[in-house]
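Visitor: Got a structure here, written out as structure tokens. Questions coming.
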Amino acid sequence: SQQGEEDPQALSIQEGENATMNCSYKTSINNLQWYRQNSGRGLVHLILIRSNEREKHSGRLRVTLDTSKKSSSLLITASRAADTASYFCATGSWGANNLFFGTGTRLTVIP
Amino acid sequence: NAGVTQTPKFQVLKTGQSMTLQCAQDMNHNSMYWYRQDPGMGLRLIYYSASEGTTDKGEVPNGYNVSRLNKREFSLRLESAAPSQTSVYFCASSNSGNTEAFFGQGTRLTVV
């Protein structure tokens, strides 16, 4: 399988705390993306980081990429109850026109 | 802005029945995808289409066929449904595999 794997599978934190999720993948990539999925809904794109980038920020989101370790992390700072969702990483490969998703991290933010 | 529209939203089939899931996007994207989502398995790519007139197999293509009818539409067909195909199906589109993808709201399919 070309799927990535997120770690942990589930995470429960208090509102205001930071949440960190990790993604490991298997093949060389062109980019890595993070998506959020609220229960029963489609996925929503959060952020894209290219293979020549090491860190990227968007609002309360911070993504890092380590291509030597084939891993990425997503940090959500000052979490809110509305951040409760599943988070997925997805990888795009050189010369390919498809995206492969990881297995997801279920985040619960307790008010 | 409709984005990616999937129909139907829910469907129950009997084993052996056939059906087509429809997907349309209005963002002029080149690439379109069909995924299935099962508990604990994340999203698995069934088929994708890099451009109008082309389709390619993903990770789990067995039991499915696809048609890229035009640039807007990408359909997924189950010729003879099996209980193992019970899942939530998502259609998505993007400019390419290297840009963000936009997802439909999903089709929840149950095969009994």
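Note on naming: chains are A, B, ... as they come in the structure tokens, residues start from 1 per chain, ligands start from 1 in the order shown.
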Compute the set of chain B residues within 6 Å of chain A, using only C-alpha atoms, and express it as JSON, numbers by chain.

Guide: {"B": [41, 42, 43, 50, 96, 97, 98, 103, 104, 105]}

Visitor: Write the residues you've just listed into a file as a PDB file, in the first residue's frame, and include C-alpha atoms for each of them.

Guide:
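selection37.pdb written:
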```pdb
ATOM      1  CA  MET B  41      -8.543   2.219   6.790  1.00  0.00           C
ATOM      2  CA  GLY B  42      -8.494   5.891   5.945  1.00  0.00           C
ATOM      3  CA  LEU B  43      -9.189   6.792   2.325  1.00  0.00           C
ATOM      4  CA  ALA B  50      -5.562  12.749 -14.792  1.00  0.00           C
ATOM      5  CA  SER B  96      -3.165  17.910 -10.592  1.00  0.00           C
ATOM      6  CA  GLY B  97      -1.827  15.517  -7.972  1.00  0.00           C
ATOM      7  CA  ASN B  98       0.381  18.338  -6.784  1.00  0.00           C
ATOM      8  CA  PHE B 103     -14.062  16.750  -2.071  1.00  0.00           C
ATOM      9  CA  GLY B 104     -17.715  16.018  -2.488  1.00  0.00           C
ATOM     10  CA  GLN B 105     -19.894  15.253   0.510  1.00  0.00           C
TER      11      GLN B 105
END
```

Visitor: Extract, using only C-alpha atoms, all DNA, RNA and protein residues at most 7 Å from B:Leu109, discarding same-chain residues fewer than 3 positions from it, and format them as a list in words.

Guide: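 Everything that qualifies: Phe10, Gln11, Val12, Thr86, Ser87 and Val88 of chain B.
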
Visitor: Any chance you can output those residues with C-alpha atoms as a short mmCIF file (atom, residue, chain, number, x, y, z; two decimals), in the first residue's frame?

Guide:
```cif
data_model
loop_
_atom_site.label_atom_id
_atom_site.label_comp_id
_atom_site.auth_asym_id
_atom_site.auth_seq_id
_atom_site.Cartn_x
_atom_site.Cartn_y
_atom_site.Cartn_z
CA PHE B 10 -27.29 7.39 0.37
CA GLN B 11 -27.96 4.08 -1.34
CA VAL B 12 -28.86 0.57 -0.28
CA THR B 86 -20.26 -1.30 1.75
CA SER B 87 -18.43 1.94 2.38
CA VAL B 88 -18.52 5.71 2.08
#
```

Visitor: Let me make sure I understand: among B:Gln25, B:Ser94, B:Gln37, B:Thr99, which one has the smallest atom-to-atom distance to B:Glu73 if we use only C-alpha atoms?

Guide: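 Nearest candidate to B:Glu73 out of B:Gln25, B:Ser94, B:Gln37, B:Thr99: B:Gln25.
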
Visitor: Compile the contact shell of A:Ile110 as JSON, numbers by chain: residues with an atom at most 10 Å away, counting only C-alpha atoms, same-chain residues fewer than 4 positions apart removed.

Guide: {"A": [12, 13, 14, 15, 16, 17, 79, 80, 81, 82, 83, 84]}

Visitor: Write the residues of the selection above to a file with all heavy atoms, as an mmCIF file, in the first residue's frame.

Guide:
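Saved result, again.cif, follows:
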```cif
data_model
loop_
_atom_site.group_PDB
_atom_site.id
_atom_site.type_symbol
_atom_site.label_atom_id
_atom_site.label_comp_id
_atom_site.auth_asym_id
_atom_site.auth_seq_id
_atom_site.Cartn_x
_atom_site.Cartn_y
_atom_site.Cartn_z
ATOM 1 N N SER A 12 -6.977 13.176 22.533
ATOM 2 C CA SER A 12 -7.982 13.931 23.267
ATOM 3 C C SER A 12 -7.278 14.972 24.131
ATOM 4 O O SER A 12 -6.381 14.624 24.913
ATOM 5 C CB SER A 12 -8.819 12.992 24.144
ATOM 6 O OG SER A 12 -9.854 13.689 24.784
ATOM 7 N N ILE A 13 -7.639 16.243 23.961
ATOM 8 C CA ILE A 13 -6.967 17.317 24.697
ATOM 9 C C ILE A 13 -8.002 18.311 25.213
ATOM 10 O O ILE A 13 -9.164 18.315 24.780
ATOM 11 C CB ILE A 13 -5.947 18.061 23.804
ATOM 12 C CG1 ILE A 13 -6.647 18.682 22.585
ATOM 13 C CG2 ILE A 13 -4.816 17.146 23.396
ATOM 14 C CD1 ILE A 13 -5.743 19.555 21.740
ATOM 15 N N GLN A 14 -7.570 19.178 26.126
ATOM 16 C CA GLN A 14 -8.419 20.240 26.633
ATOM 17 C C GLN A 14 -8.326 21.452 25.716
ATOM 18 O O GLN A 14 -7.288 21.709 25.086
ATOM 19 C CB GLN A 14 -7.977 20.640 28.045
ATOM 20 C CG GLN A 14 -8.115 19.540 29.084
ATOM 21 C CD GLN A 14 -9.560 19.261 29.433
ATOM 22 O OE1 GLN A 14 -10.416 20.149 29.369
ATOM 23 N NE2 GLN A 14 -9.856 18.030 29.814
ATOM 24 N N GLU A 15 -9.419 22.180 25.657
ATOM 25 C CA GLU A 15 -9.438 23.417 24.870
ATOM 26 C C GLU A 15 -8.303 24.327 25.335
ATOM 27 O O GLU A 15 -8.050 24.465 26.535
ATOM 28 C CB GLU A 15 -10.787 24.119 25.050
ATOM 29 C CG GLU A 15 -11.115 25.109 23.945
ATOM 30 C CD GLU A 15 -12.583 25.514 23.966
ATOM 31 O OE1 GLU A 15 -13.176 25.546 25.064
ATOM 32 O OE2 GLU A 15 -13.135 25.779 22.882
ATOM 33 N N GLY A 16 -7.613 24.944 24.383
ATOM 34 C CA GLY A 16 -6.494 25.826 24.706
ATOM 35 C C GLY A 16 -5.140 25.141 24.606
ATOM 36 O O GLY A 16 -4.117 25.819 24.451
ATOM 37 N N GLU A 17 -5.127 23.813 24.704
ATOM 38 C CA GLU A 17 -3.854 23.086 24.564
ATOM 39 C C GLU A 17 -3.477 22.971 23.087
ATOM 40 O O GLU A 17 -4.285 23.195 22.195
ATOM 41 C CB GLU A 17 -3.987 21.692 25.183
ATOM 42 C CG GLU A 17 -4.164 21.706 26.693
ATOM 43 C CD GLU A 17 -4.256 20.309 27.264
ATOM 44 O OE1 GLU A 17 -4.615 19.367 26.517
ATOM 45 O OE2 GLU A 17 -3.984 20.140 28.471
ATOM 46 N N SER A 79 -5.959 25.061 20.762
ATOM 47 C CA SER A 79 -7.076 24.333 20.160
ATOM 48 C C SER A 79 -8.428 24.813 20.680
ATOM 49 O O SER A 79 -8.552 25.321 21.797
ATOM 50 C CB SER A 79 -6.929 22.834 20.423
ATOM 51 O OG SER A 79 -6.994 22.588 21.812
ATOM 52 N N ARG A 80 -9.436 24.607 19.836
ATOM 53 C CA ARG A 80 -10.811 24.986 20.147
ATOM 54 C C ARG A 80 -11.705 23.770 19.981
ATOM 55 O O ARG A 80 -11.357 22.844 19.252
ATOM 56 C CB ARG A 80 -11.281 26.089 19.203
ATOM 57 C CG ARG A 80 -10.380 27.310 19.175
ATOM 58 C CD ARG A 80 -10.698 28.195 17.999
ATOM 59 N NE ARG A 80 -9.815 29.361 17.939
ATOM 60 C CZ ARG A 80 -9.728 30.181 16.897
ATOM 61 N NH1 ARG A 80 -10.478 29.966 15.825
ATOM 62 N NH2 ARG A 80 -8.894 31.213 16.919
ATOM 63 N N ALA A 81 -12.865 23.801 20.585
ATOM 64 C CA ALA A 81 -13.797 22.676 20.446
ATOM 65 C C ALA A 81 -14.128 22.433 18.975
ATOM 66 O O ALA A 81 -14.322 21.289 18.549
ATOM 67 C CB ALA A 81 -15.063 22.950 21.251
ATOM 68 N N ALA A 82 -14.161 23.501 18.191
ATOM 69 C CA ALA A 82 -14.484 23.381 16.765
ATOM 70 C C ALA A 82 -13.398 22.661 15.975
ATOM 71 O O ALA A 82 -13.612 22.271 14.821
ATOM 72 C CB ALA A 82 -14.722 24.762 16.157
ATOM 73 N N ASP A 83 -12.213 22.454 16.573
ATOM 74 C CA ASP A 83 -11.149 21.714 15.902
ATOM 75 C C ASP A 83 -11.378 20.203 15.983
ATOM 76 O O ASP A 83 -10.642 19.434 15.352
ATOM 77 C CB ASP A 83 -9.784 22.040 16.523
ATOM 78 C CG ASP A 83 -9.368 23.481 16.297
ATOM 79 O OD1 ASP A 83 -9.737 24.057 15.252
ATOM 80 O OD2 ASP A 83 -8.673 24.050 17.176
ATOM 81 N N THR A 84 -12.355 19.787 16.757
ATOM 82 C CA THR A 84 -12.666 18.362 16.853
ATOM 83 C C THR A 84 -13.022 17.825 15.476
ATOM 84 O O THR A 84 -13.959 18.295 14.834
ATOM 85 C CB THR A 84 -13.847 18.128 17.827
ATOM 86 O OG1 THR A 84 -13.434 18.462 19.143
ATOM 87 C CG2 THR A 84 -14.307 16.678 17.785
#
```

Visitor: What is the distance, in Å and to one decimal place, between atom CA of B:Asn28 and atom CA of B:Phe90?

Guide: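 These atoms are spaced 18.4 Å apart.
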
Visitor: Taking the backbone alone, and naming residues the way the document does, which bits of chain B are strand (DSSP E or B) by DSSP, as a ChimeraX atom specification?

Guide: /B:4-7,10-13,19-25,31-38,42-49,56-57,64-68,73-78,87-94,102-103,107-111
